[in-house]
$ cat final_22.cif   # mmCIF, N, CA and C atoms and all ligand atoms
data_entry
#
loop_
_atom_site.group_PDB
_atom_site.id
_atom_site.type_symbol
_atom_site.label_atom_id
_atom_site.label_comp_id
_atom_site.auth_asym_id
_atom_site.auth_seq_id
_atom_site.Cartn_x
_atom_site.Cartn_y
_atom_site.Cartn_z
ATOM 1 N N MET A 14 0.847 -1.189 0.000
ATOM 2 C CA MET A 14 0.000 0.000 0.000
ATOM 3 C C MET A 14 0.888 1.245 0.000
ATOM 4 N N SER A 15 0.798 2.053 -1.020
ATOM 5 C CA SER A 15 1.624 3.258 -1.099
ATOM 6 C C SER A 15 0.739 4.492 -1.084
ATOM 7 N N LEU A 16 0.618 5.067 0.092
ATOM 8 C CA LEU A 16 -0.186 6.279 0.244
ATOM 9 C C LEU A 16 0.696 7.507 0.045
ATOM 10 N N GLN A 17 0.061 8.549 -0.416
ATOM 11 C CA GLN A 17 0.778 9.810 -0.592
ATOM 12 C C GLN A 17 -0.030 10.939 0.010
ATOM 13 N N CYS A 18 0.645 11.869 0.623
ATOM 14 C CA CYS A 18 -0.027 13.046 1.153
ATOM 15 C C CYS A 18 -0.508 13.906 -0.019
ATOM 16 N N PRO A 19 -1.807 14.279 -0.025
ATOM 17 C CA PRO A 19 -2.327 15.093 -1.134
ATOM 18 C C PRO A 19 -1.796 16.523 -1.102
ATOM 19 N N ARG A 20 -1.229 16.928 0.023
ATOM 20 C CA ARG A 20 -0.751 18.314 0.125
ATOM 21 C C ARG A 20 0.719 18.433 -0.297
ATOM 22 N N CYS A 21 1.581 17.568 0.277
ATOM 23 C CA CYS A 21 3.009 17.706 -0.017
ATOM 24 C C CYS A 21 3.563 16.486 -0.771
ATOM 25 N N HIS A 22 2.677 15.509 -1.044
ATOM 26 C CA HIS A 22 3.037 14.314 -1.810
ATOM 27 C C HIS A 22 4.134 13.488 -1.158
ATOM 28 N N SER A 23 4.230 13.595 0.164
ATOM 29 C CA SER A 23 5.176 12.760 0.884
ATOM 30 C C SER A 23 4.608 11.345 1.017
ATOM 31 N N PRO A 24 5.437 10.336 0.830
ATOM 32 C CA PRO A 24 4.960 8.953 1.014
ATOM 33 C C PRO A 24 4.949 8.536 2.476
ATOM 34 N N LYS A 25 5.430 9.401 3.364
ATOM 35 C CA LYS A 25 5.461 9.056 4.791
ATOM 36 C C LYS A 25 4.118 9.384 5.420
ATOM 37 N N VAL A 26 3.223 8.418 5.360
ATOM 38 C CA VAL A 26 1.857 8.628 5.837
ATOM 39 C C VAL A 26 1.498 7.532 6.828
ATOM 40 N N ALA A 27 0.937 7.934 7.961
ATOM 41 C CA ALA A 27 0.487 6.961 8.953
ATOM 42 C C ALA A 27 -1.023 6.773 8.820
ATOM 43 N N SER A 28 -1.472 5.528 8.922
ATOM 44 C CA SER A 28 -2.899 5.243 8.791
ATOM 45 C C SER A 28 -3.478 4.805 10.131
ATOM 46 N N PHE A 29 -4.700 5.222 10.391
ATOM 47 C CA PHE A 29 -5.397 4.811 11.609
ATOM 48 C C PHE A 29 -6.654 4.042 11.238
ATOM 49 N N HIS A 30 -7.003 3.122 12.082
ATOM 50 C CA HIS A 30 -8.200 2.333 11.798
ATOM 51 C C HIS A 30 -9.094 2.274 13.024
ATOM 52 N N HIS A 31 -9.270 3.428 13.636
ATOM 53 C CA HIS A 31 -10.079 3.471 14.851
ATOM 54 C C HIS A 31 -11.532 3.095 14.569
ATOM 55 N N ALA A 32 -12.076 3.677 13.509
ATOM 56 C CA ALA A 32 -13.501 3.512 13.243
ATOM 57 C C ALA A 32 -13.868 2.045 13.064
ATOM 58 N N MET A 33 -12.977 1.303 12.400
ATOM 59 C CA MET A 33 -13.274 -0.094 12.150
ATOM 60 C C MET A 33 -13.375 -0.873 13.452
ATOM 61 N N LYS A 34 -12.445 -0.585 14.366
ATOM 62 C CA LYS A 34 -12.488 -1.291 15.654
ATOM 63 C C LYS A 34 -13.727 -0.890 16.437
ATOM 64 N N VAL A 35 -14.025 0.408 16.454
ATOM 65 C CA VAL A 35 -15.204 0.892 17.168
ATOM 66 C C VAL A 35 -16.459 0.264 16.576
ATOM 67 N N GLY A 36 -16.526 0.261 15.253
ATOM 68 C CA GLY A 36 -17.688 -0.320 14.582
ATOM 69 C C GLY A 36 -17.848 -1.790 14.919
ATOM 70 N N ALA A 37 -16.721 -2.511 14.936
ATOM 71 C CA ALA A 37 -16.781 -3.935 15.249
ATOM 72 C C ALA A 37 -17.228 -4.156 16.676
ATOM 73 N N ALA A 38 -16.738 -3.275 17.586
ATOM 74 C CA ALA A 38 -17.116 -3.398 18.995
ATOM 75 C C ALA A 38 -18.606 -3.135 19.162
ATOM 76 N N ILE A 39 -19.082 -2.058 18.505
ATOM 77 C CA ILE A 39 -20.510 -1.731 18.585
ATOM 78 C C ILE A 39 -21.330 -2.882 18.005
ATOM 79 N N GLY A 40 -20.859 -3.407 16.887
ATOM 80 C CA GLY A 40 -21.569 -4.511 16.246
ATOM 81 C C GLY A 40 -21.618 -5.743 17.131
ATOM 82 N N THR A 41 -20.500 -6.009 17.826
ATOM 83 C CA THR A 41 -20.457 -7.174 18.705
ATOM 84 C C THR A 41 -21.445 -7.014 19.848
ATOM 85 N N VAL A 42 -21.445 -5.814 20.439
ATOM 86 C CA VAL A 42 -22.369 -5.559 21.551
ATOM 87 C C VAL A 42 -23.811 -5.645 21.051
ATOM 88 N N GLY A 43 -24.068 -4.967 19.919
ATOM 89 C CA GLY A 43 -25.409 -5.005 19.347
ATOM 90 C C GLY A 43 -25.814 -6.424 18.979
ATOM 91 N N GLY A 44 -24.856 -7.142 18.400
ATOM 92 C CA GLY A 44 -25.131 -8.530 18.004
ATOM 93 C C GLY A 44 -25.393 -9.412 19.207
ATOM 94 N N ALA A 45 -24.625 -9.176 20.278
ATOM 95 C CA ALA A 45 -24.816 -9.960 21.500
ATOM 96 C C ALA A 45 -26.190 -9.676 22.093
ATOM 97 N N ALA A 46 -26.572 -8.377 22.081
ATOM 98 C CA ALA A 46 -27.887 -8.000 22.603
ATOM 99 C C ALA A 46 -28.982 -8.652 21.768
ATOM 100 N N ARG A 47 -28.780 -8.609 20.440
ATOM 101 C CA ARG A 47 -29.754 -9.247 19.565
ATOM 102 C C ARG A 47 -29.729 -10.755 19.778
ATOM 103 N N GLY A 48 -28.512 -11.265 20.036
ATOM 104 C CA GLY A 48 -28.370 -12.696 20.283
ATOM 105 C C GLY A 48 -29.117 -13.128 21.527
ATOM 106 N N VAL A 49 -29.115 -12.262 22.550
ATOM 107 C CA VAL A 49 -29.822 -12.593 23.795
ATOM 108 C C VAL A 49 -31.315 -12.716 23.531
ATOM 109 N N SER A 50 -31.857 -11.745 22.783
ATOM 110 C CA SER A 50 -33.292 -11.823 22.491
ATOM 111 C C SER A 50 -33.583 -13.015 21.577
ATOM 112 N N ALA A 51 -32.647 -13.279 20.650
ATOM 113 C CA ALA A 51 -32.800 -14.459 19.793
ATOM 114 C C ALA A 51 -32.694 -15.728 20.620
ATOM 115 N N ALA A 52 -31.792 -15.687 21.627
ATOM 116 C CA ALA A 52 -31.618 -16.846 22.498
ATOM 117 C C ALA A 52 -32.886 -17.110 23.295
ATOM 118 N N LEU A 53 -33.505 -16.015 23.780
ATOM 119 C CA LEU A 53 -34.749 -16.162 24.546
ATOM 120 C C LEU A 53 -35.834 -16.749 23.656
ATOM 121 N N ALA A 54 -35.928 -16.214 22.430
ATOM 122 C CA ALA A 54 -36.922 -16.732 21.500
ATOM 123 C C ALA A 54 -36.611 -18.178 21.139
ATOM 124 N N GLY A 55 -35.319 -18.433 20.902
ATOM 125 C CA GLY A 55 -34.898 -19.796 20.560
ATOM 126 C C GLY A 55 -35.165 -20.759 21.696
ATOM 127 N N GLY A 56 -34.900 -20.278 22.919
ATOM 128 C CA GLY A 56 -35.139 -21.109 24.096
ATOM 129 C C GLY A 56 -36.608 -21.445 24.243
ATOM 130 N N GLN A 57 -37.460 -20.450 23.973
ATOM 131 C CA GLN A 57 -38.905 -20.669 24.067
ATOM 132 C C GLN A 57 -39.370 -21.675 23.020
ATOM 133 N N ALA A 58 -38.858 -21.475 21.794
ATOM 134 C CA ALA A 58 -39.226 -22.396 20.717
ATOM 135 C C ALA A 58 -38.730 -23.799 21.030
ATOM 136 N N GLY A 59 -37.477 -23.844 21.550
ATOM 137 C CA GLY A 59 -36.893 -25.143 21.900
ATOM 138 C C GLY A 59 -37.684 -25.827 23.005
ATOM 139 N N ALA A 60 -38.114 -25.049 24.000
ATOM 140 C CA ALA A 60 -38.883 -25.600 25.107
ATOM 141 C C ALA A 60 -40.222 -26.145 24.614
ATOM 142 N N LEU A 61 -40.813 -25.404 23.657
ATOM 143 C CA LEU A 61 -42.095 -25.811 23.092
ATOM 144 C C LEU A 61 -41.960 -27.155 22.372
ATOM 145 N N ILE A 62 -40.878 -27.237 21.568
ATOM 146 C CA ILE A 62 -40.632 -28.496 20.836
ATOM 147 C C ILE A 62 -40.307 -29.605 21.834
ATOM 148 N N GLY A 63 -39.461 -29.226 22.840
ATOM 149 C CA GLY A 63 -39.037 -30.215 23.830
ATOM 150 C C GLY A 63 -40.194 -30.712 24.690
ATOM 151 N N ALA A 64 -41.208 -29.862 24.878
ATOM 152 C CA ALA A 64 -42.348 -30.223 25.722
ATOM 153 C C ALA A 64 -43.049 -31.464 25.186
ATOM 154 N N ILE A 65 -42.991 -31.635 23.887
ATOM 155 C CA ILE A 65 -43.596 -32.813 23.272
ATOM 156 C C ILE A 65 -42.838 -34.068 23.707
ATOM 157 N N ALA A 66 -41.504 -33.910 23.834
ATOM 158 C CA ALA A 66 -40.662 -35.062 24.167
ATOM 159 C C ALA A 66 -40.590 -35.312 25.668
ATOM 160 N N GLY A 67 -41.131 -34.382 26.487
ATOM 161 C CA GLY A 67 -41.127 -34.615 27.924
ATOM 162 C C GLY A 67 -40.228 -33.634 28.659
ATOM 163 N N PRO A 68 -40.122 -33.776 29.998
ATOM 164 C CA PRO A 68 -39.371 -32.825 30.841
ATOM 165 C C PRO A 68 -37.903 -32.697 30.454
ATOM 166 N N VAL A 69 -37.273 -33.781 30.086
ATOM 167 C CA VAL A 69 -35.864 -33.723 29.690
ATOM 168 C C VAL A 69 -35.745 -32.937 28.395
ATOM 169 N N GLY A 70 -36.695 -33.146 27.500
ATOM 170 C CA GLY A 70 -36.707 -32.443 26.221
ATOM 171 C C GLY A 70 -36.843 -30.947 26.395
ATOM 172 N N ILE A 71 -37.595 -30.498 27.405
ATOM 173 C CA ILE A 71 -37.748 -29.055 27.658
ATOM 174 C C ILE A 71 -36.382 -28.437 27.951
ATOM 175 N N THR A 72 -35.630 -29.045 28.845
ATOM 176 C CA THR A 72 -34.308 -28.526 29.205
ATOM 177 C C THR A 72 -33.378 -28.535 28.002
ATOM 178 N N LEU A 73 -33.296 -29.658 27.339
ATOM 179 C CA LEU A 73 -32.417 -29.787 26.181
ATOM 180 C C LEU A 73 -32.796 -28.783 25.098
ATOM 181 N N GLY A 74 -34.081 -28.686 24.825
ATOM 182 C CA GLY A 74 -34.564 -27.781 23.786
ATOM 183 C C GLY A 74 -34.260 -26.332 24.111
ATOM 184 N N SER A 75 -34.471 -25.932 25.364
ATOM 185 C CA SER A 75 -34.204 -24.550 25.769
ATOM 186 C C SER A 75 -32.737 -24.216 25.614
ATOM 187 N N VAL A 76 -31.881 -25.107 26.116
ATOM 188 C CA VAL A 76 -30.439 -24.842 26.116
ATOM 189 C C VAL A 76 -29.904 -24.770 24.690
ATOM 190 N N SER A 77 -30.243 -25.757 23.870
ATOM 191 C CA SER A 77 -29.711 -25.755 22.516
ATOM 192 C C SER A 77 -30.275 -24.586 21.710
ATOM 193 N N GLY A 78 -31.530 -24.261 21.930
ATOM 194 C CA GLY A 78 -32.131 -23.108 21.242
ATOM 195 C C GLY A 78 -31.463 -21.810 21.640
ATOM 196 N N ALA A 79 -31.153 -21.663 22.930
ATOM 197 C CA ALA A 79 -30.509 -20.450 23.425
ATOM 198 C C ALA A 79 -29.096 -20.321 22.870
ATOM 199 N N ILE A 80 -28.362 -21.427 22.860
ATOM 200 C CA ILE A 80 -26.974 -21.403 22.361
ATOM 201 C C ILE A 80 -26.961 -21.042 20.875
ATOM 202 N N LEU A 81 -27.803 -21.680 20.107
ATOM 203 C CA LEU A 81 -27.852 -21.429 18.662
ATOM 204 C C LEU A 81 -28.248 -19.985 18.388
ATOM 205 N N GLY A 82 -29.269 -19.517 19.063
ATOM 206 C CA GLY A 82 -29.727 -18.144 18.868
ATOM 207 C C GLY A 82 -28.665 -17.128 19.250
ATOM 208 N N GLY A 83 -27.986 -17.357 20.382
ATOM 209 C CA GLY A 83 -26.945 -16.450 20.843
ATOM 210 C C GLY A 83 -25.772 -16.399 19.886
ATOM 211 N N LEU A 84 -25.358 -17.552 19.412
ATOM 212 C CA LEU A 84 -24.238 -17.638 18.473
ATOM 213 C C LEU A 84 -24.562 -16.907 17.180
ATOM 214 N N ALA A 85 -25.711 -17.198 16.623
ATOM 215 C CA ALA A 85 -26.108 -16.594 15.352
ATOM 216 C C ALA A 85 -26.193 -15.082 15.491
ATOM 217 N N GLY A 86 -26.793 -14.603 16.564
ATOM 218 C CA GLY A 86 -26.926 -13.162 16.776
ATOM 219 C C GLY A 86 -25.587 -12.486 16.975
ATOM 220 N N GLY A 87 -24.712 -13.088 17.763
ATOM 221 C CA GLY A 87 -23.407 -12.491 18.043
ATOM 222 C C GLY A 87 -22.544 -12.418 16.804
ATOM 223 N N VAL A 88 -22.457 -13.493 16.060
ATOM 224 C CA VAL A 88 -21.624 -13.536 14.853
ATOM 225 C C VAL A 88 -22.154 -12.560 13.816
ATOM 226 N N GLY A 89 -23.441 -12.573 13.581
ATOM 227 C CA GLY A 89 -24.044 -11.680 12.599
ATOM 228 C C GLY A 89 -23.841 -10.216 12.973
ATOM 229 N N GLY A 90 -24.006 -9.898 14.237
ATOM 230 C CA GLY A 90 -23.845 -8.529 14.700
ATOM 231 C C GLY A 90 -22.421 -8.042 14.545
ATOM 232 N N CYS A 91 -21.467 -8.891 14.835
ATOM 233 C CA CYS A 91 -20.056 -8.517 14.743
ATOM 234 C C CYS A 91 -19.680 -8.244 13.291
ATOM 235 N N ALA A 92 -20.099 -9.104 12.388
ATOM 236 C CA ALA A 92 -19.793 -8.924 10.967
ATOM 237 C C ALA A 92 -20.411 -7.634 10.454
ATOM 238 N N LEU A 93 -21.647 -7.386 10.856
ATOM 239 C CA LEU A 93 -22.360 -6.172 10.441
ATOM 240 C C LEU A 93 -21.645 -4.935 10.986
ATOM 241 N N GLY A 94 -21.230 -4.990 12.236
ATOM 242 C CA GLY A 94 -20.543 -3.859 12.859
ATOM 243 C C GLY A 94 -19.214 -3.571 12.199
ATOM 244 N N ALA A 95 -18.468 -4.630 11.875
ATOM 245 C CA ALA A 95 -17.178 -4.452 11.217
ATOM 246 C C ALA A 95 -17.364 -3.810 9.854
ATOM 247 N N GLN A 96 -18.407 -4.204 9.168
ATOM 248 C CA GLN A 96 -18.717 -3.652 7.854
ATOM 249 C C GLN A 96 -19.079 -2.170 7.980
ATOM 250 N N LEU A 97 -19.905 -1.884 8.960
ATOM 251 C CA LEU A 97 -20.329 -0.497 9.210
ATOM 252 C C LEU A 97 -19.116 0.358 9.559
ATOM 253 N N GLY A 98 -18.258 -0.171 10.428
ATOM 254 C CA GLY A 98 -17.071 0.554 10.830
ATOM 255 C C GLY A 98 -16.134 0.796 9.666
ATOM 256 N N GLU A 99 -16.033 -0.175 8.788
ATOM 257 C CA GLU A 99 -15.146 -0.045 7.646
ATOM 258 C C GLU A 99 -15.629 1.035 6.693
ATOM 259 N N SER A 100 -16.932 1.098 6.458
ATOM 260 C CA SER A 100 -17.451 2.124 5.552
ATOM 261 C C SER A 100 -17.345 3.495 6.209
ATOM 262 N N LEU A 101 -17.521 3.559 7.528
ATOM 263 C CA LEU A 101 -17.306 4.806 8.266
ATOM 264 C C LEU A 101 -15.863 5.240 8.101
ATOM 265 N N ASP A 102 -14.984 4.256 8.321
ATOM 266 C CA ASP A 102 -13.559 4.465 8.237
ATOM 267 C C ASP A 102 -13.174 5.021 6.868
ATOM 268 N N ARG A 103 -13.748 4.459 5.838
ATOM 269 C CA ARG A 103 -13.378 4.805 4.479
ATOM 270 C C ARG A 103 -13.954 6.134 4.031
ATOM 271 N N HIS A 104 -15.189 6.407 4.430
ATOM 272 C CA HIS A 104 -15.895 7.528 3.805
ATOM 273 C C HIS A 104 -16.075 8.737 4.707
ATOM 274 N N VAL A 105 -16.031 8.542 6.016
ATOM 275 C CA VAL A 105 -16.360 9.652 6.898
ATOM 276 C C VAL A 105 -15.125 10.215 7.603
ATOM 277 N N LEU A 106 -14.367 9.360 8.253
ATOM 278 C CA LEU A 106 -13.294 9.840 9.103
ATOM 279 C C LEU A 106 -11.966 9.947 8.357
ATOM 280 N N ALA A 107 -11.307 11.072 8.555
ATOM 281 C CA ALA A 107 -9.969 11.236 8.006
ATOM 282 C C ALA A 107 -9.006 10.462 8.888
ATOM 283 N N HIS A 108 -8.438 9.409 8.370
ATOM 284 C CA HIS A 108 -7.617 8.546 9.213
ATOM 285 C C HIS A 108 -6.208 8.346 8.673
ATOM 286 N N ASN A 109 -5.790 9.195 7.751
ATOM 287 C CA ASN A 109 -4.407 9.156 7.299
ATOM 288 C C ASN A 109 -3.728 10.445 7.715
ATOM 289 N N LEU A 110 -2.568 10.300 8.295
ATOM 290 C CA LEU A 110 -1.844 11.466 8.791
ATOM 291 C C LEU A 110 -0.484 11.535 8.121
ATOM 292 N N CYS A 111 -0.216 12.677 7.479
ATOM 293 C CA CYS A 111 1.086 12.882 6.862
ATOM 294 C C CYS A 111 2.104 13.162 7.957
ATOM 295 N N LEU A 112 3.189 12.413 7.950
ATOM 296 C CA LEU A 112 4.199 12.576 8.988
ATOM 297 C C LEU A 112 5.110 13.772 8.707
ATOM 298 N N LEU A 113 4.984 14.327 7.499
ATOM 299 C CA LEU A 113 5.853 15.440 7.127
ATOM 300 C C LEU A 113 5.195 16.782 7.427
ATOM 301 N N CYS A 114 3.949 16.960 6.975
ATOM 302 C CA CYS A 114 3.300 18.257 7.167
ATOM 303 C C CYS A 114 2.119 18.183 8.135
ATOM 304 N N GLY A 115 1.776 16.978 8.618
ATOM 305 C CA GLY A 115 0.709 16.851 9.602
ATOM 306 C C GLY A 115 -0.684 16.948 9.027
ATOM 307 N N HIS A 116 -0.800 16.877 7.714
ATOM 308 C CA HIS A 116 -2.103 16.970 7.052
ATOM 309 C C HIS A 116 -2.874 15.665 7.218
ATOM 310 N N ARG A 117 -4.174 15.787 7.600
ATOM 311 C CA ARG A 117 -5.030 14.598 7.731
ATOM 312 C C ARG A 117 -5.930 14.504 6.522
ATOM 313 N N PHE A 118 -6.085 13.299 5.996
ATOM 314 C CA PHE A 118 -6.891 13.137 4.791
ATOM 315 C C PHE A 118 -7.463 11.734 4.711
ATOM 316 N N ASN A 119 -8.476 11.586 3.857
ATOM 317 C CA ASN A 119 -9.093 10.282 3.618
ATOM 318 C C ASN A 119 -8.370 9.552 2.504
ATOM 319 N N LEU A 120 -8.705 8.287 2.378
ATOM 320 C CA LEU A 120 -8.167 7.506 1.268
ATOM 321 C C LEU A 120 -8.685 8.071 -0.041
ATOM 322 N N PRO A 121 -7.857 8.141 -1.053
ATOM 323 C CA PRO A 121 -8.346 8.591 -2.360
ATOM 324 C C PRO A 121 -9.315 7.580 -2.946
ATOM 325 N N THR A 122 -10.405 8.065 -3.486
ATOM 326 C CA THR A 122 -11.429 7.152 -4.007
ATOM 327 C C THR A 122 -11.127 6.765 -5.447
HETATM 328 ZN ZN ZN B 1 2.037 16.168 3.776
#
$ encode --input "final_22.cif" --output "structure tokens" --more "lines below"
Ligand SMILES: [Zn+2]
Amino acid sequence: MSLQCPRCHSPKVASFHHAMKVGAAIGTVGGAARGVSAALAGGQAGALIGAIAGPVGITLGSVSGAILGGLAGGVGGCALGAQLGESLDRHVLAHNLCLLCGHRFNLPT
């Protein structure tokens, strides 16, 4: 990757990727929260299915439904957040810093 400062054309440019990490973190938290509600719904559905199979089935159904729902929600949320953070990173925040003149700029499109 060869970046150049648009002001002084120096190749000594430092890049930051704060937005991507923040976006991924937000996505993970959001995904986990969504995963919890999905887990609750999954647990309820699992318990309903398990109820047909008896008391042991209720426990098994709830647990497996909760785990599956939580996993799906967490993974999906994290991927979505990373994507959101990356587009923020690319289009909104100036995250390249020229080490020569101190000019901050975005990636050239
Ligand atoms: Zn510069």
$ resolve_selection --input "final_22.cif" --expression "the PyMOL selection byres (((not hetatm)) within 7 of (chain B and resi 1))" --output "PyMOL selection string"
chain A and resi 17-23+110-116
$ write_last_selection --input "final_22.cif" --atoms "N, CA and C atoms" --output "PDB file, in the coordinates of the input"
ATOM      1  N   GLN A  17       0.061   8.549  -0.416  1.00  0.00           N
ATOM      2  CA  GLN A  17       0.778   9.810  -0.592  1.00  0.00           C
ATOM      3  C   GLN A  17      -0.030  10.939   0.010  1.00  0.00           C
ATOM      4  N   CYS A  18       0.645  11.869   0.623  1.00  0.00           N
ATOM      5  CA  CYS A  18      -0.027  13.046   1.153  1.00  0.00           C
ATOM      6  C   CYS A  18      -0.508  13.906  -0.019  1.00  0.00           C
ATOM      7  N   PRO A  19      -1.807  14.279  -0.025  1.00  0.00           N
ATOM      8  CA  PRO A  19      -2.327  15.093  -1.134  1.00  0.00           C
ATOM      9  C   PRO A  19      -1.796  16.523  -1.102  1.00  0.00           C
ATOM     10  N   ARG A  20      -1.229  16.928   0.023  1.00  0.00           N
ATOM     11  CA  ARG A  20      -0.751  18.314   0.125  1.00  0.00           C
ATOM     12  C   ARG A  20       0.719  18.433  -0.297  1.00  0.00           C
ATOM     13  N   CYS A  21       1.581  17.568   0.277  1.00  0.00           N
ATOM     14  CA  CYS A  21       3.009  17.706  -0.017  1.00  0.00           C
ATOM     15  C   CYS A  21       3.563  16.486  -0.771  1.00  0.00           C
ATOM     16  N   HIS A  22       2.677  15.509  -1.044  1.00  0.00           N
ATOM     17  CA  HIS A  22       3.037  14.314  -1.810  1.00  0.00           C
ATOM     18  C   HIS A  22       4.134  13.488  -1.158  1.00  0.00           C
ATOM     19  N   SER A  23       4.230  13.595   0.164  1.00  0.00           N
ATOM     20  CA  SER A  23       5.176  12.760   0.884  1.00  0.00           C
ATOM     21  C   SER A  23       4.608  11.345   1.017  1.00  0.00           C
ATOM     22  N   LEU A 110      -2.568  10.300   8.295  1.00  0.00           N
ATOM     23  CA  LEU A 110      -1.844  11.466   8.791  1.00  0.00           C
ATOM     24  C   LEU A 110      -0.484  11.535   8.121  1.00  0.00           C
ATOM     25  N   CYS A 111      -0.216  12.677   7.479  1.00  0.00           N
ATOM     26  CA  CYS A 111       1.086  12.882   6.862  1.00  0.00           C
ATOM     27  C   CYS A 111       2.104  13.162   7.957  1.00  0.00           C
ATOM     28  N   LEU A 112       3.189  12.413   7.950  1.00  0.00           N
ATOM     29  CA  LEU A 112       4.199  12.576   8.988  1.00  0.00           C
ATOM     30  C   LEU A 112       5.110  13.772   8.707  1.00  0.00           C
ATOM     31  N   LEU A 113       4.984  14.327   7.499  1.00  0.00           N
ATOM     32  CA  LEU A 113       5.853  15.440   7.127  1.00  0.00           C
ATOM     33  C   LEU A 113       5.195  16.782   7.427  1.00  0.00           C
ATOM     34  N   CYS A 114       3.949  16.960   6.975  1.00  0.00           N
ATOM     35  CA  CYS A 114       3.300  18.257   7.167  1.00  0.00           C
ATOM     36  C   CYS A 114       2.119  18.183   8.135  1.00  0.00           C
ATOM     37  N   GLY A 115       1.776  16.978   8.618  1.00  0.00           N
ATOM     38  CA  GLY A 115       0.709  16.851   9.602  1.00  0.00           C
ATOM     39  C   GLY A 115      -0.684  16.948   9.027  1.00  0.00           C
ATOM     40  N   HIS A 116      -0.800  16.877   7.714  1.00  0.00           N
ATOM     41  CA  HIS A 116      -2.103  16.970   7.052  1.00  0.00           C
ATOM     42  C   HIS A 116      -2.874  15.665   7.218  1.00  0.00           C
TER      43      HIS A 116
END
$ atom_distance --input "final_22.cif" --atom1 "atom CA of A:Val69" --atom2 "atom CA of A:Gln57"
14.5 Å
$ closest_residue --input "final_22.cif" --among "A:Ala64, A:Ala95, A:Val88, A:Leu53" --to "A:Ile39" --atoms "all atoms listed in the file"
A:Ala95
$ atom_distance --input "final_22.cif" --atom1 "atom C of A:Pro68" --atom2 "atom C of A:Gly86"
27.2 Å
$ atom_distance --input "final_22.cif" --atom1 "atom CA of A:Gly55" --atom2 "atom N of A:Ala38"
24.7 Å
$ closest_residue --input "final_22.cif" --among "A:Gly89, A:Gly82, A:Ser15, A:Leu97" --to "A:Thr41" --atoms "only C-alpha atoms"
A:Gly89
$ residues_around --input "final_22.cif" --residues "A:His108" --least-positions-apart "2" --cutoff "5 Å" --atoms "all atoms listed in the file" --output "MDAnalysis selection string"
chainID A and resid 28:29 106 110 118:119
$ select_by_dssp --input "final_22.cif" --residues "stretch 41-119 of chain A" --states "strand (DSSP E or B)" --output "list in words"
Asn109, Leu110, Cys111, Arg117 and Phe118 of chain A
$ closest_residue --input "final_22.cif" --among "A:Leu120, A:Ala58, A:Val49, A:Ala27" --to "A:Gly78" --atoms "only C-alpha atoms"
A:Ala58
$ closest_residue --input "final_22.cif" --among "A:Ala60, A:Ala51, A:Ala92, A:Ala85" --to "A:Leu73" --atoms "only N, CA and C atoms"
A:Ala60
$ closest_residue --input "final_22.cif" --among "A:Val42, A:Val26, A:Ile65, A:Ala54" --to "A:Asn109" --atoms "only N, CA and C atoms"
A:Val26
$ axis_aligned_box --input "final_22.cif" --around "stretch 21-31 of chain A" --padding-each-side "4 Å" --output "AutoDock Vina command-line options"
--center_x -3.0 --center_y 10.0 --center_z 6.5 --size_x 25.0 --size_y 23.4 --size_z 24.7
